[in-house]
$ cat start_29.tsv   # TSV, N, CA and C atoms
chain	number	residue	atom	x	y	z
U	579	MET	N	79.81	112.58	99.11
U	579	MET	CA	79.37	111.85	100.27
U	579	MET	C	79.51	110.36	100.02
U	580	THR	N	79.88	109.66	101.02
U	580	THR	CA	79.95	108.22	100.94
U	580	THR	C	78.78	107.66	101.72
U	581	THR	N	77.99	106.82	101.07
U	581	THR	CA	76.86	106.20	101.74
U	581	THR	C	77.22	104.75	102.00
U	582	MET	N	77.12	104.36	103.26
U	582	MET	CA	77.47	103.00	103.63
U	582	MET	C	76.20	102.29	104.09
U	583	HIS	N	76.01	101.10	103.58
U	583	HIS	CA	74.86	100.29	103.96
U	583	HIS	C	75.32	99.21	104.92
U	584	THR	N	74.72	99.17	106.07
U	584	THR	CA	75.04	98.13	107.05
U	584	THR	C	73.72	97.49	107.46
U	585	GLY	N	73.44	96.35	106.87
U	585	GLY	CA	72.16	95.71	107.16
U	585	GLY	C	71.06	96.58	106.58
U	586	THR	N	70.17	97.05	107.45
U	586	THR	CA	69.10	97.93	106.98
U	586	THR	C	69.41	99.39	107.27
U	587	ALA	N	70.46	99.65	108.05
U	587	ALA	CA	70.83	101.04	108.36
U	587	ALA	C	71.67	101.63	107.24
U	588	GLN	N	71.58	102.92	107.10
U	588	GLN	CA	72.35	103.62	106.08
U	588	GLN	C	72.93	104.87	106.70
U	589	THR	N	74.26	105.06	106.55
U	589	THR	CA	74.90	106.26	107.08
U	589	THR	C	75.60	106.98	105.95
U	590	THR	N	75.68	108.28	106.06
U	590	THR	CA	76.33	109.08	105.05
U	590	THR	C	77.40	109.92	105.70
U	591	THR	N	78.60	109.89	105.11
U	591	THR	CA	79.71	110.67	105.63
U	591	THR	C	80.32	111.48	104.51
U	592	PRO	N	80.88	112.66	104.81
U	592	PRO	CA	81.51	113.44	103.74
U	592	PRO	C	82.76	112.77	103.23
U	593	ASP	N	82.98	112.86	101.92
U	593	ASP	CA	84.22	112.36	101.33
U	593	ASP	C	85.31	113.39	101.59
U	594	THR	N	86.53	112.90	101.77
U	594	THR	CA	87.63	113.83	102.00
U	594	THR	C	88.76	113.50	101.07
U	595	ALA	N	89.51	114.52	100.73
U	595	ALA	CA	90.70	114.36	99.91
U	595	ALA	C	91.84	113.92	100.79
U	596	ALA	N	93.01	113.69	100.19
U	596	ALA	CA	94.16	113.17	100.91
U	596	ALA	C	94.54	114.02	102.11
U	597	GLY	N	94.38	115.33	102.03
U	597	GLY	CA	94.76	116.20	103.13
U	597	GLY	C	93.65	116.40	104.13
U	598	GLY	N	92.55	115.65	103.99
U	598	GLY	CA	91.44	115.79	104.91
U	598	GLY	C	90.45	116.85	104.45
U	599	ASP	N	90.62	117.40	103.25
U	599	ASP	CA	89.72	118.41	102.73
U	599	ASP	C	88.40	117.78	102.36
U	600	ASP	N	87.30	118.44	102.69
U	600	ASP	CA	85.99	117.98	102.29
U	600	ASP	C	85.81	118.31	100.82
U	601	VAL	N	85.61	117.31	99.98
U	601	VAL	CA	85.51	117.53	98.55
U	601	VAL	C	84.09	117.41	98.03
U	602	THR	N	83.12	117.22	98.92
U	602	THR	CA	81.76	117.02	98.46
U	602	THR	C	81.18	118.27	97.81
U	603	ALA	N	81.49	119.44	98.30
U	603	ALA	CA	80.94	120.66	97.73
U	603	ALA	C	81.39	120.82	96.28
U	604	GLU	N	82.67	120.55	96.02
U	604	GLU	CA	83.18	120.67	94.67
U	604	GLU	C	82.64	119.57	93.78
U	605	ALA	N	82.62	118.35	94.30
U	605	ALA	CA	82.23	117.21	93.49
U	605	ALA	C	80.75	117.28	93.11
U	606	GLY	N	79.92	117.81	93.98
U	606	GLY	CA	78.49	117.84	93.72
U	606	GLY	C	78.01	119.15	93.15
U	607	ALA	N	78.89	120.10	92.92
U	607	ALA	CA	78.48	121.41	92.45
U	607	ALA	C	77.94	121.31	91.03
U	608	ALA	N	76.85	122.00	90.78
U	608	ALA	CA	76.28	122.04	89.44
U	608	ALA	C	77.13	122.95	88.57
U	609	HIS	N	77.23	122.62	87.30
U	609	HIS	CA	78.02	123.43	86.37
U	609	HIS	C	77.06	124.41	85.71
U	610	PRO	N	77.22	125.71	85.98
U	610	PRO	CA	76.27	126.68	85.48
U	610	PRO	C	76.42	127.00	84.00
U	611	HIS	N	77.46	126.53	83.34
U	611	HIS	CA	77.72	126.91	81.95
U	611	HIS	C	77.55	125.75	80.99
U	612	GLY	N	76.64	124.84	81.26
U	612	GLY	CA	76.40	123.74	80.34
U	612	GLY	C	77.24	122.52	80.68
U	613	PRO	N	77.53	121.70	79.66
U	613	PRO	CA	78.24	120.44	79.92
U	613	PRO	C	79.67	120.67	80.42
U	614	HIS	N	80.16	119.70	81.13
U	614	HIS	CA	81.52	119.77	81.65
U	614	HIS	C	82.52	119.59	80.53
U	615	GLY	N	83.75	120.02	80.77
U	615	GLY	CA	84.80	119.92	79.77
U	615	GLY	C	85.09	118.49	79.35
U	616	TYR	N	84.86	117.55	80.24
U	616	TYR	CA	85.17	116.15	79.93
U	616	TYR	C	84.04	115.45	79.20
U	617	SER	N	82.90	116.11	79.02
U	617	SER	CA	81.72	115.45	78.45
U	617	SER	C	81.98	114.81	77.10
U	618	SER	N	82.77	115.45	76.26
U	618	SER	CA	83.02	114.88	74.93
U	618	SER	C	83.87	113.62	74.99
U	619	GLN	N	84.59	113.43	76.08
U	619	GLN	CA	85.45	112.26	76.26
U	619	GLN	C	84.91	111.30	77.32
U	620	LYS	N	83.64	111.44	77.67
U	620	LYS	CA	83.05	110.70	78.78
U	620	LYS	C	83.24	109.18	78.64
U	621	ASN	N	82.96	108.64	77.48
U	621	ASN	CA	83.08	107.19	77.30
U	621	ASN	C	84.51	106.71	77.48
U	622	GLU	N	85.47	107.49	76.97
U	622	GLU	CA	86.88	107.12	77.13
U	622	GLU	C	87.29	107.19	78.60
U	623	HIS	N	86.81	108.22	79.29
U	623	HIS	CA	87.12	108.34	80.72
U	623	HIS	C	86.53	107.17	81.52
U	624	LEU	N	85.31	106.81	81.21
U	624	LEU	CA	84.68	105.70	81.92
U	624	LEU	C	85.42	104.39	81.65
U	625	LYS	N	85.86	104.19	80.42
U	625	LYS	CA	86.63	102.99	80.08
U	625	LYS	C	87.94	102.96	80.88
U	626	ARG	N	88.58	104.10	80.95
U	626	ARG	CA	89.85	104.21	81.70
U	626	ARG	C	89.63	103.93	83.19
U	627	LEU	N	88.55	104.49	83.73
U	627	LEU	CA	88.25	104.26	85.15
U	627	LEU	C	87.89	102.81	85.43
U	628	ARG	N	87.24	102.16	84.50
U	628	ARG	CA	86.94	100.72	84.68
U	628	ARG	C	88.23	99.90	84.70
U	629	ARG	N	89.21	100.28	83.87
U	629	ARG	CA	90.50	99.58	83.90
U	629	ARG	C	91.18	99.79	85.25
U	630	ILE	N	91.13	101.01	85.76
U	630	ILE	CA	91.73	101.29	87.07
U	630	ILE	C	91.01	100.51	88.16
U	631	GLU	N	89.70	100.46	88.07
U	631	GLU	CA	88.91	99.68	89.02
U	631	GLU	C	89.33	98.21	88.99
U	632	GLY	N	89.59	97.70	87.79
U	632	GLY	CA	90.07	96.32	87.65
U	632	GLY	C	91.43	96.14	88.30
U	633	GLN	N	92.30	97.15	88.17
U	633	GLN	CA	93.61	97.07	88.83
U	633	GLN	C	93.46	96.99	90.35
U	634	VAL	N	92.55	97.78	90.88
U	634	VAL	CA	92.34	97.76	92.33
U	634	VAL	C	91.76	96.42	92.78
U	635	ARG	N	90.83	95.88	92.00
U	635	ARG	CA	90.31	94.55	92.32
U	635	ARG	C	91.42	93.51	92.26
U	636	GLY	N	92.33	93.68	91.30
U	636	GLY	CA	93.48	92.79	91.20
U	636	GLY	C	94.36	92.86	92.44
U	637	LEU	N	94.51	94.06	93.00
U	637	LEU	CA	95.27	94.21	94.25
U	637	LEU	C	94.61	93.44	95.38
U	638	GLN	N	93.29	93.53	95.47
U	638	GLN	CA	92.57	92.79	96.51
U	638	GLN	C	92.81	91.29	96.35
U	639	ARG	N	92.73	90.84	95.11
U	639	ARG	CA	92.95	89.41	94.82
U	639	ARG	C	94.37	89.00	95.20
U	640	MET	N	95.35	89.86	94.88
U	640	MET	CA	96.75	89.56	95.21
U	640	MET	C	96.94	89.41	96.72
U	641	VAL	N	96.33	90.30	97.48
U	641	VAL	CA	96.43	90.21	98.94
U	641	VAL	C	95.75	88.94	99.43
U	642	ASP	N	94.57	88.67	98.89
U	642	ASP	CA	93.83	87.47	99.29
U	642	ASP	C	94.62	86.20	98.99
U	643	GLU	N	95.39	86.21	97.91
U	643	GLU	CA	96.17	85.05	97.51
U	643	GLU	C	97.58	85.05	98.08
U	644	ASP	N	97.86	85.96	99.01
U	644	ASP	CA	99.17	86.05	99.67
U	644	ASP	C	100.33	86.19	98.70
U	645	VAL	N	100.17	87.04	97.70
U	645	VAL	CA	101.22	87.31	96.72
U	645	VAL	C	102.35	88.08	97.42
U	646	TYR	N	103.56	87.91	96.96
U	646	TYR	CA	104.75	88.57	97.51
U	646	TYR	C	104.53	90.09	97.57
U	647	CYS	N	104.88	90.69	98.69
U	647	CYS	CA	104.57	92.10	98.94
U	647	CYS	C	105.16	93.06	97.90
U	648	ILE	N	106.35	92.79	97.42
U	648	ILE	CA	106.96	93.66	96.42
U	648	ILE	C	106.16	93.63	95.12
U	649	ASP	N	105.63	92.48	94.77
U	649	ASP	CA	104.79	92.39	93.57
U	649	ASP	C	103.51	93.20	93.74
U	650	ILE	N	102.94	93.19	94.93
U	650	ILE	CA	101.75	93.99	95.20
U	650	ILE	C	102.09	95.47	95.12
U	651	LEU	N	103.22	95.86	95.71
U	651	LEU	CA	103.63	97.26	95.66
U	651	LEU	C	103.86	97.74	94.23
U	652	THR	N	104.37	96.87	93.38
U	652	THR	CA	104.55	97.22	91.97
U	652	THR	C	103.20	97.54	91.34
U	653	GLN	N	102.19	96.74	91.66
U	653	GLN	CA	100.86	96.96	91.11
U	653	GLN	C	100.21	98.20	91.71
U	654	VAL	N	100.48	98.49	92.98
U	654	VAL	CA	99.98	99.72	93.61
U	654	VAL	C	100.54	100.93	92.86
U	655	SER	N	101.83	100.88	92.54
U	655	SER	CA	102.47	101.96	91.79
U	655	SER	C	101.81	102.14	90.44
U	656	ALA	N	101.52	101.06	89.75
U	656	ALA	CA	100.87	101.14	88.44
U	656	ALA	C	99.48	101.76	88.56
U	657	GLY	N	98.74	101.37	89.58
U	657	GLY	CA	97.40	101.93	89.79
U	657	GLY	C	97.46	103.41	90.14
U	658	THR	N	98.42	103.78	90.94
U	658	THR	CA	98.60	105.18	91.32
U	658	THR	C	98.92	106.03	90.09
U	659	LYS	N	99.83	105.53	89.25
U	659	LYS	CA	100.18	106.26	88.03
U	659	LYS	C	98.99	106.37	87.09
U	660	ALA	N	98.18	105.34	87.02
U	660	ALA	CA	97.00	105.39	86.16
U	660	ALA	C	96.02	106.44	86.66
U	661	LEU	N	95.81	106.53	87.97
U	661	LEU	CA	94.93	107.56	88.53
U	661	LEU	C	95.50	108.95	88.32
U	662	GLN	N	96.80	109.10	88.47
U	662	GLN	CA	97.42	110.40	88.24
U	662	GLN	C	97.27	110.84	86.79
U	663	ALA	N	97.45	109.91	85.87
U	663	ALA	CA	97.30	110.23	84.45
U	663	ALA	C	95.85	110.64	84.15
U	664	PHE	N	94.90	109.95	84.75
U	664	PHE	CA	93.49	110.31	84.57
U	664	PHE	C	93.24	111.71	85.12
U	665	ALA	N	93.77	111.99	86.31
U	665	ALA	CA	93.58	113.30	86.93
U	665	ALA	C	94.16	114.41	86.05
U	666	LEU	N	95.34	114.19	85.51
U	666	LEU	CA	95.95	115.20	84.65
U	666	LEU	C	95.13	115.44	83.38
U	667	SER	N	94.60	114.38	82.82
U	667	SER	CA	93.76	114.51	81.64
U	667	SER	C	92.51	115.32	81.96
U	668	LEU	N	91.88	115.02	83.09
U	668	LEU	CA	90.69	115.75	83.50
U	668	LEU	C	91.01	117.21	83.80
U	669	LEU	N	92.15	117.46	84.42
U	669	LEU	CA	92.57	118.82	84.71
U	669	LEU	C	92.80	119.60	83.42
U	670	GLU	N	93.45	118.98	82.45
U	670	GLU	CA	93.67	119.66	81.18
U	670	GLU	C	92.35	120.03	80.52
U	671	GLU	N	91.39	119.12	80.56
U	671	GLU	CA	90.08	119.41	79.97
U	671	GLU	C	89.39	120.54	80.73
U	672	HIS	N	89.55	120.56	82.05
U	672	HIS	CA	88.95	121.63	82.85
U	672	HIS	C	89.56	122.98	82.46
U	673	LEU	N	90.87	123.01	82.30
U	673	LEU	CA	91.53	124.26	81.93
U	673	LEU	C	91.09	124.72	80.54
U	674	ARG	N	91.02	123.77	79.60
U	674	ARG	CA	90.65	124.13	78.23
U	674	ARG	C	89.18	124.56	78.12
U	675	HIS	N	88.31	123.99	78.93
U	675	HIS	CA	86.89	124.27	78.79
U	675	HIS	C	86.42	125.31	79.80
U	676	CYS	N	86.49	124.97	81.06
U	676	CYS	CA	85.91	125.81	82.11
U	676	CYS	C	86.71	127.09	82.35
U	677	VAL	N	88.02	126.96	82.46
U	677	VAL	CA	88.84	128.15	82.70
U	677	VAL	C	88.88	129.03	81.46
U	678	ALA	N	88.94	128.42	80.27
U	678	ALA	CA	88.94	129.21	79.04
U	678	ALA	C	87.63	129.98	78.89
U	679	ALA	N	86.51	129.35	79.22
U	679	ALA	CA	85.21	130.04	79.16
U	679	ALA	C	85.17	131.19	80.16
U	680	ALA	N	85.73	130.98	81.34
U	680	ALA	CA	85.77	132.04	82.34
U	680	ALA	C	86.68	133.17	81.90
U	681	ALA	N	87.74	132.84	81.16
U	681	ALA	CA	88.67	133.88	80.68
U	681	ALA	C	87.96	134.82	79.70
U	682	GLU	N	87.01	134.29	78.96
U	682	GLU	CA	86.24	135.15	78.05
U	682	GLU	C	85.40	136.15	78.82
U	683	GLN	N	84.91	135.73	80.01
U	683	GLN	CA	84.09	136.62	80.83
U	683	GLN	C	84.95	137.56	81.66
U	684	GLY	N	86.12	137.06	82.07
U	684	GLY	CA	87.04	137.87	82.87
U	684	GLY	C	86.50	138.14	84.27
U	685	GLY	N	87.14	139.03	84.97
U	685	GLY	CA	86.69	139.46	86.29
U	685	GLY	C	86.64	138.36	87.32
U	686	ALA	N	85.59	138.41	88.13
U	686	ALA	CA	85.44	137.48	89.26
U	686	ALA	C	85.28	136.04	88.79
U	687	GLU	N	84.63	135.85	87.64
U	687	GLU	CA	84.45	134.49	87.11
U	687	GLU	C	85.80	133.85	86.82
U	688	LEU	N	86.68	134.59	86.16
U	688	LEU	CA	88.02	134.09	85.86
U	688	LEU	C	88.81	133.86	87.15
U	689	ASP	N	88.76	134.82	88.05
U	689	ASP	CA	89.49	134.68	89.32
U	689	ASP	C	89.05	133.43	90.07
U	690	GLY	N	87.75	133.19	90.08
U	690	GLY	CA	87.22	132.02	90.78
U	690	GLY	C	87.67	130.71	90.15
U	691	LYS	N	87.66	130.65	88.82
U	691	LYS	CA	88.07	129.42	88.14
U	691	LYS	C	89.56	129.17	88.29
U	692	VAL	N	90.36	130.23	88.26
U	692	VAL	CA	91.80	130.06	88.45
U	692	VAL	C	92.08	129.57	89.88
U	693	ALA	N	91.40	130.15	90.86
U	693	ALA	CA	91.57	129.72	92.25
U	693	ALA	C	91.14	128.26	92.42
U	694	GLU	N	90.04	127.89	91.79
U	694	GLU	CA	89.53	126.52	91.85
U	694	GLU	C	90.54	125.54	91.24
U	695	ALA	N	91.09	125.90	90.07
U	695	ALA	CA	92.08	125.03	89.41
U	695	ALA	C	93.36	124.94	90.24
U	696	THR	N	93.78	126.05	90.82
U	696	THR	CA	94.97	126.06	91.66
U	696	THR	C	94.79	125.15	92.87
U	697	ALA	N	93.63	125.20	93.49
U	697	ALA	CA	93.34	124.33	94.64
U	697	ALA	C	93.34	122.86	94.22
U	698	ALA	N	92.81	122.56	93.05
U	698	ALA	CA	92.79	121.18	92.55
U	698	ALA	C	94.22	120.69	92.31
U	699	ILE	N	95.05	121.55	91.73
U	699	ILE	CA	96.45	121.18	91.49
U	699	ILE	C	97.17	120.95	92.82
U	700	ALA	N	96.90	121.79	93.79
U	700	ALA	CA	97.52	121.63	95.12
U	700	ALA	C	97.13	120.28	95.72
U	701	ARG	N	95.87	119.89	95.58
U	701	ARG	CA	95.44	118.59	96.10
U	701	ARG	C	96.16	117.46	95.39
U	702	LEU	N	96.32	117.58	94.08
U	702	LEU	CA	97.02	116.55	93.32
U	702	LEU	C	98.48	116.44	93.74
U	703	LEU	N	99.10	117.56	94.03
U	703	LEU	CA	100.50	117.54	94.44
U	703	LEU	C	100.71	116.94	95.82
U	704	ARG	N	99.69	117.02	96.66
U	704	ARG	CA	99.81	116.45	98.02
U	704	ARG	C	99.73	114.93	98.02
U	705	THR	N	99.24	114.35	96.94
U	705	THR	CA	99.06	112.89	96.91
U	705	THR	C	100.33	112.19	96.51
$ encode --input "start_29.tsv" --output "structure tokens"
Amino acid sequence: MTTMHTGTAQTTTPDTAAGGDDVTAEAGAAHPHGPHGYSSQKNEHLKRLRRIEGQVRGLQRMVDEDVYCIDILTQVSAGTKALQAFALSLLEEHLRHCVAAAAEQGGAELDGKVAEATAAIARLLRT
């Protein structure tokens, strides 16, 4: 959910993926099997996301300073690649941790995790 503050009013809207998919259910879902696969790399992930956040702020600054459009597009490409690399890293950790744990249980648990991972990959491919 995205919460927007406007003065004293506050509105909440569902977050959507690139294809218009509501991603709040997945993003806010509790993990029933303990820590997430990325937990051991949490600090590295946060550092990486802060760098990406800095790239996006740099894009805002470039637009504000009327930088040549091709130079801005070059930076957009770099930011996009950085987000894609982060997503792939997170996906790999999900497969190694969550899907592997479900494979030990088999049955519906495994089927659900494979379907979940497949849907995540499909969303990544649409971007």
$ residues_around --input "start_29.tsv" --residues "Leu688 of chain U" --least-positions-apart "6" --cutoff "10 Å" --atoms "only C-alpha atoms" --output "list of chain:residue names"
U:Cys676, U:Val677, U:Ala678, U:Ala679, U:Ala680, U:Ala681, U:Glu682, U:Glu694
$ residues_near_point --input "start_29.tsv" --point "(99.0, 96.6, 95.7)" --cutoff "5 Å" --atoms "all atoms listed in the file" --output "ChimeraX atom specification"
/U:637,650-651,653-654
$ write_last_selection --input "start_29.tsv" --atoms "N, CA and C atoms" --output "PDB file, keeping the file's coordinate frame"
ATOM      1  N   LEU U 637      94.510  94.060  93.000  1.00  0.00           N
ATOM      2  CA  LEU U 637      95.270  94.210  94.250  1.00  0.00           C
ATOM      3  C   LEU U 637      94.610  93.440  95.380  1.00  0.00           C
ATOM      4  N   ILE U 650     102.940  93.190  94.930  1.00  0.00           N
ATOM      5  CA  ILE U 650     101.750  93.990  95.200  1.00  0.00           C
ATOM      6  C   ILE U 650     102.090  95.470  95.120  1.00  0.00           C
ATOM      7  N   LEU U 651     103.220  95.860  95.710  1.00  0.00           N
ATOM      8  CA  LEU U 651     103.630  97.260  95.660  1.00  0.00           C
ATOM      9  C   LEU U 651     103.860  97.740  94.230  1.00  0.00           C
ATOM     10  N   GLN U 653     102.190  96.740  91.660  1.00  0.00           N
ATOM     11  CA  GLN U 653     100.860  96.960  91.110  1.00  0.00           C
ATOM     12  C   GLN U 653     100.210  98.200  91.710  1.00  0.00           C
ATOM     13  N   VAL U 654     100.480  98.490  92.980  1.00  0.00           N
ATOM     14  CA  VAL U 654      99.980  99.720  93.610  1.00  0.00           C
ATOM     15  C   VAL U 654     100.540 100.930  92.860  1.00  0.00           C
TER      16      VAL U 654
END
$ atom_distance --input "start_29.tsv" --atom1 "atom N of Ser667 of chain U" --atom2 "atom C of Arg626 of chain U"
11.6 Å
$ atom_distance --input "start_29.tsv" --atom1 "atom N of Ser655 of chain U" --atom2 "atom C of Gln633 of chain U"
9.5 Å
$ atom_distance --input "start_29.tsv" --atom1 "atom CA of Ile630 of chain U" --atom2 "atom CA of Leu668 of chain U"
14.9 Å
$ build_atoms --input "start_29.tsv" --residues "segment 633-651 of chain U" --atoms "N, CA, C and O atoms" --output "compact mmCIF listing (two decimals), keeping the file's coordinate frame"
# COMPACT_ATOMS: atom_id res chain seq x y z
N GLN U 633 92.30 97.15 88.17
CA GLN U 633 93.61 97.07 88.83
C GLN U 633 93.46 96.99 90.35
O GLN U 633 94.16 96.23 91.00
N VAL U 634 92.55 97.78 90.88
CA VAL U 634 92.34 97.76 92.33
C VAL U 634 91.76 96.42 92.78
O VAL U 634 92.18 95.85 93.79
N ARG U 635 90.83 95.88 92.00
CA ARG U 635 90.31 94.55 92.32
C ARG U 635 91.42 93.51 92.26
O ARG U 635 91.47 92.58 93.06
N GLY U 636 92.33 93.68 91.30
CA GLY U 636 93.48 92.79 91.20
C GLY U 636 94.36 92.86 92.44
O GLY U 636 94.89 91.85 92.91
N LEU U 637 94.51 94.06 93.00
CA LEU U 637 95.27 94.21 94.25
C LEU U 637 94.61 93.44 95.38
O LEU U 637 95.29 92.76 96.16
N GLN U 638 93.29 93.53 95.47
CA GLN U 638 92.57 92.79 96.51
C GLN U 638 92.81 91.29 96.35
O GLN U 638 93.05 90.58 97.32
N ARG U 639 92.73 90.84 95.11
CA ARG U 639 92.95 89.41 94.82
C ARG U 639 94.37 89.00 95.20
O ARG U 639 94.59 87.94 95.78
N MET U 640 95.35 89.86 94.88
CA MET U 640 96.75 89.56 95.21
C MET U 640 96.94 89.41 96.72
O MET U 640 97.62 88.48 97.18
N VAL U 641 96.33 90.30 97.48
CA VAL U 641 96.43 90.21 98.94
C VAL U 641 95.75 88.94 99.43
O VAL U 641 96.28 88.21 100.27
N ASP U 642 94.57 88.67 98.89
CA ASP U 642 93.83 87.47 99.29
C ASP U 642 94.62 86.20 98.99
O ASP U 642 94.57 85.24 99.75
N GLU U 643 95.39 86.21 97.91
CA GLU U 643 96.17 85.05 97.51
C GLU U 643 97.58 85.05 98.08
O GLU U 643 98.42 84.23 97.68
N ASP U 644 97.86 85.96 99.01
CA ASP U 644 99.17 86.05 99.67
C ASP U 644 100.33 86.19 98.70
O ASP U 644 101.38 85.56 98.85
N VAL U 645 100.17 87.04 97.70
CA VAL U 645 101.22 87.31 96.72
C VAL U 645 102.35 88.08 97.42
O VAL U 645 102.13 88.84 98.37
N TYR U 646 103.56 87.91 96.96
CA TYR U 646 104.75 88.57 97.51
C TYR U 646 104.53 90.09 97.57
O TYR U 646 104.06 90.70 96.61
N CYS U 647 104.88 90.69 98.69
CA CYS U 647 104.57 92.10 98.94
C CYS U 647 105.16 93.06 97.90
O CYS U 647 104.52 94.03 97.50
N ILE U 648 106.35 92.79 97.42
CA ILE U 648 106.96 93.66 96.42
C ILE U 648 106.16 93.63 95.12
O ILE U 648 105.99 94.66 94.46
N ASP U 649 105.63 92.48 94.77
CA ASP U 649 104.79 92.39 93.57
C ASP U 649 103.51 93.20 93.74
O ASP U 649 103.05 93.85 92.79
N ILE U 650 102.94 93.19 94.93
CA ILE U 650 101.75 93.99 95.20
C ILE U 650 102.09 95.47 95.12
O ILE U 650 101.37 96.27 94.51
N LEU U 651 103.22 95.86 95.71
CA LEU U 651 103.63 97.26 95.66
C LEU U 651 103.86 97.74 94.23
O LEU U 651 103.55 98.89 93.89
